[in-house]
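Below: the structure, in structure tokens.
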Amino acid sequence: MPSMQGKICLITGGTNGIGKITAQELARMGTTVVIVGRNAERTARVVAEIRAATGNQNVDSLLADLSSQQEIRHLASEFRSNYSRLDILLNNAGAVFMERQLSSDGVEMTFAVNHLSSFLLTNLLLDTIKASAPARIVNVSSNAHTRAKIEFDNLQGERSYSSGAYGNSKLANILFTIELARRLEGTGVTVNALHPGFTNTGFGRNNSGFLFRILGAVVPLIARSPEKGAETSIYLASSPDVQDVTGEYFVDSKVAQAAPQASDTAVARKLWDVSAAMVKLIQCNETH
């Protein structure tokens with residue numbers, strides 16, 4: 001187990017499932033861990049649980065609804081006020097919405113939470129991350145990206161919306177990863193994406209209906225445990241073996257081949273520009 005003493009890690013979606021286990025295991029290694037949650041009471045309870053389980057008192061939390069760009073900006077500002085460095089940013093939060101909904105910014109919720117939140121938060125913290133180099137950014141994607149396609153005229157399901165919006169957002173995670181890796185060349189900051197595997201977490205419980213009741217009964221029987229699902233996130237955040245690896249897609253702690261559409265650099269660059277406009281990002285952090 002590598003020592004992570006002195007390292008600071010920010011984890012979104014850290015109150016449940018893969019995010020919680022990742023936070024706990026990084027804390028066990030000595031990392032100062034800051035988890036992001038939505039519910040104050042629940043987030044405080046998870047912080048207390050991780051402290052008790054690991055003996056590491058350097059576990060804290062920040063609150064934000066990651067579907068709201070205003071709250072993401074406040075989150076980044078709060079983090080910078082409280083911490084002088086950021087060694088690991090773990091963009092773990094994700095959600096699935098079976099029916100099309102809009103965020104407070106008027107953005108389709110799946111795209112807002114799964115892609116734009118990571119895009120905006122990462123960019124707002126990028127100067128802090130670069131100043132902390134060597135540093136790492138880890139983006140939790142999914143093999144659901146293999147059936148996905150970025151359609152710029154239907155990016156938010158304006159023309160047609162289906163559960164495929166989830167896969168599209170996970171494809172966006174990988175495209176964001178490869179474009180960010182390009183922009184960060186020579187900075188000492190690495191960025192990688194991963195598929196955690198089909199994992200038994202609280203994912204999808206925000207949806208109602210017969211299908212999700214069935215899934216709730218079946219998933220625990222066939223899915224991997226959160227501990228198993230968190231292994232690749234923990235590996236990418238802490239292992240010396242990948243300290244110089246960037247722009248890759250990992251499955252089971254090994255570099256894997258993402259779908260062809262996930263390596264389209266032209267689409268990745270266009271998605272960056274479109275995303276930057278959607279979150280009104282003035283500084284795009286182009287390094288060369």
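Within each chain, counting starts at residue 1; across the structure tokens, chains are named A, B, ... in the order shown, with ligands numbered 1 upward in that order.
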
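Excluding Val107 (chain A) itself and any same-chain residue fewer than 4 positions from it, the protein and nucleic acid residues within 9 Å of it, counting only C-alpha atoms, are Ser67, Gln101, Leu102, Ser103, Phe111, Ala112, Gln156 and Met278 of chain A.
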
Shortest interatomic distance to Leu155 (chain A) - which of A:Ser142, A:Thr15, A:Gln5, A:Thr110, counting only C-alpha atoms = A:Thr110

For Thr187 (chain A): contacts at 9 Å, only C-alpha atoms, fewer than 2 positions along chain excluded, given as a ChimeraX atom specification = /A:130-131,133-134,183-185,189-190,287

Can you build me a table of region 84-130 of chain A residues sitting at most 12 Å from region 223-247 of chain A, with the closest atom pair per residue and its distance in Å to one decimal, using only C-alpha atoms, sorted by chain and residue number, as a tab-separated table?
```
residue	atom	partner	partner_atom	distance
A:Asp87	CA	A:Ala237	CA	9.1
A:Ile88	CA	A:Ala237	CA	6.4
A:Leu89	CA	A:Ala237	CA	8.4
A:Leu90	CA	A:Ala237	CA	7.7
A:Asn91	CA	A:Ser233	CA	9.8
A:Asn92	CA	A:Ser233	CA	8.7
```

Emit the selected residues as a short mmCIF file (atom, residue, chain, number, x, y, z; two decimals), in the first residue's frame, including C-alpha atoms.
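Ended up saving to again-v7.cif:
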```cif
data_model
loop_
_atom_site.label_atom_id
_atom_site.label_comp_id
_atom_site.auth_asym_id
_atom_site.auth_seq_id
_atom_site.Cartn_x
_atom_site.Cartn_y
_atom_site.Cartn_z
CA ASP A 87 -2.75 16.41 -5.69
CA ILE A 88 -5.65 14.25 -6.88
CA LEU A 89 -9.00 15.30 -8.33
CA LEU A 90 -11.32 12.33 -8.66
CA ASN A 91 -14.38 13.11 -10.78
CA ASN A 92 -16.52 10.23 -9.57
#
```

For Phe176 (chain A), work out the shell of residues within 7 Å, counting only C-alpha atoms and skipping chain neighbours fewer than 4 positions away, then give it as a PyMOL selection string.
-> chain A and resi 172+180+268+272

Could you name the residues that touch Gly14 (chain A) at 7 Å or less, counting only C-alpha atoms, but leaving out those on the same chain fewer than 4 positions away, as a ChimeraX atom specification?
-> /A:19-20,23,35-37

Would you mind exporting N, CA and C atoms of the selected residues as a compact mmCIF listing (two decimals), in the first residue's frame?
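What landed in result_26.txt:
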```txt
# COMPACT_ATOMS: atom_id res chain seq x y z
N GLY A 19 -17.37 5.93 -4.75
CA GLY A 19 -16.73 7.13 -4.24
C GLY A 19 -16.39 7.03 -2.77
N LYS A 20 -17.32 6.49 -1.99
CA LYS A 20 -17.10 6.34 -0.55
C LYS A 20 -15.96 5.37 -0.26
N ALA A 23 -12.66 6.98 -1.19
CA ALA A 23 -12.27 7.96 -0.17
C ALA A 23 -11.71 7.26 1.07
N ILE A 35 -14.44 14.99 0.59
CA ILE A 35 -15.52 14.42 -0.23
C ILE A 35 -16.57 15.49 -0.51
N VAL A 36 -17.16 15.40 -1.69
CA VAL A 36 -18.23 16.31 -2.07
C VAL A 36 -19.55 15.56 -2.00
N GLY A 37 -20.51 16.12 -1.27
CA GLY A 37 -21.84 15.54 -1.18
C GLY A 37 -22.91 16.60 -1.34
```
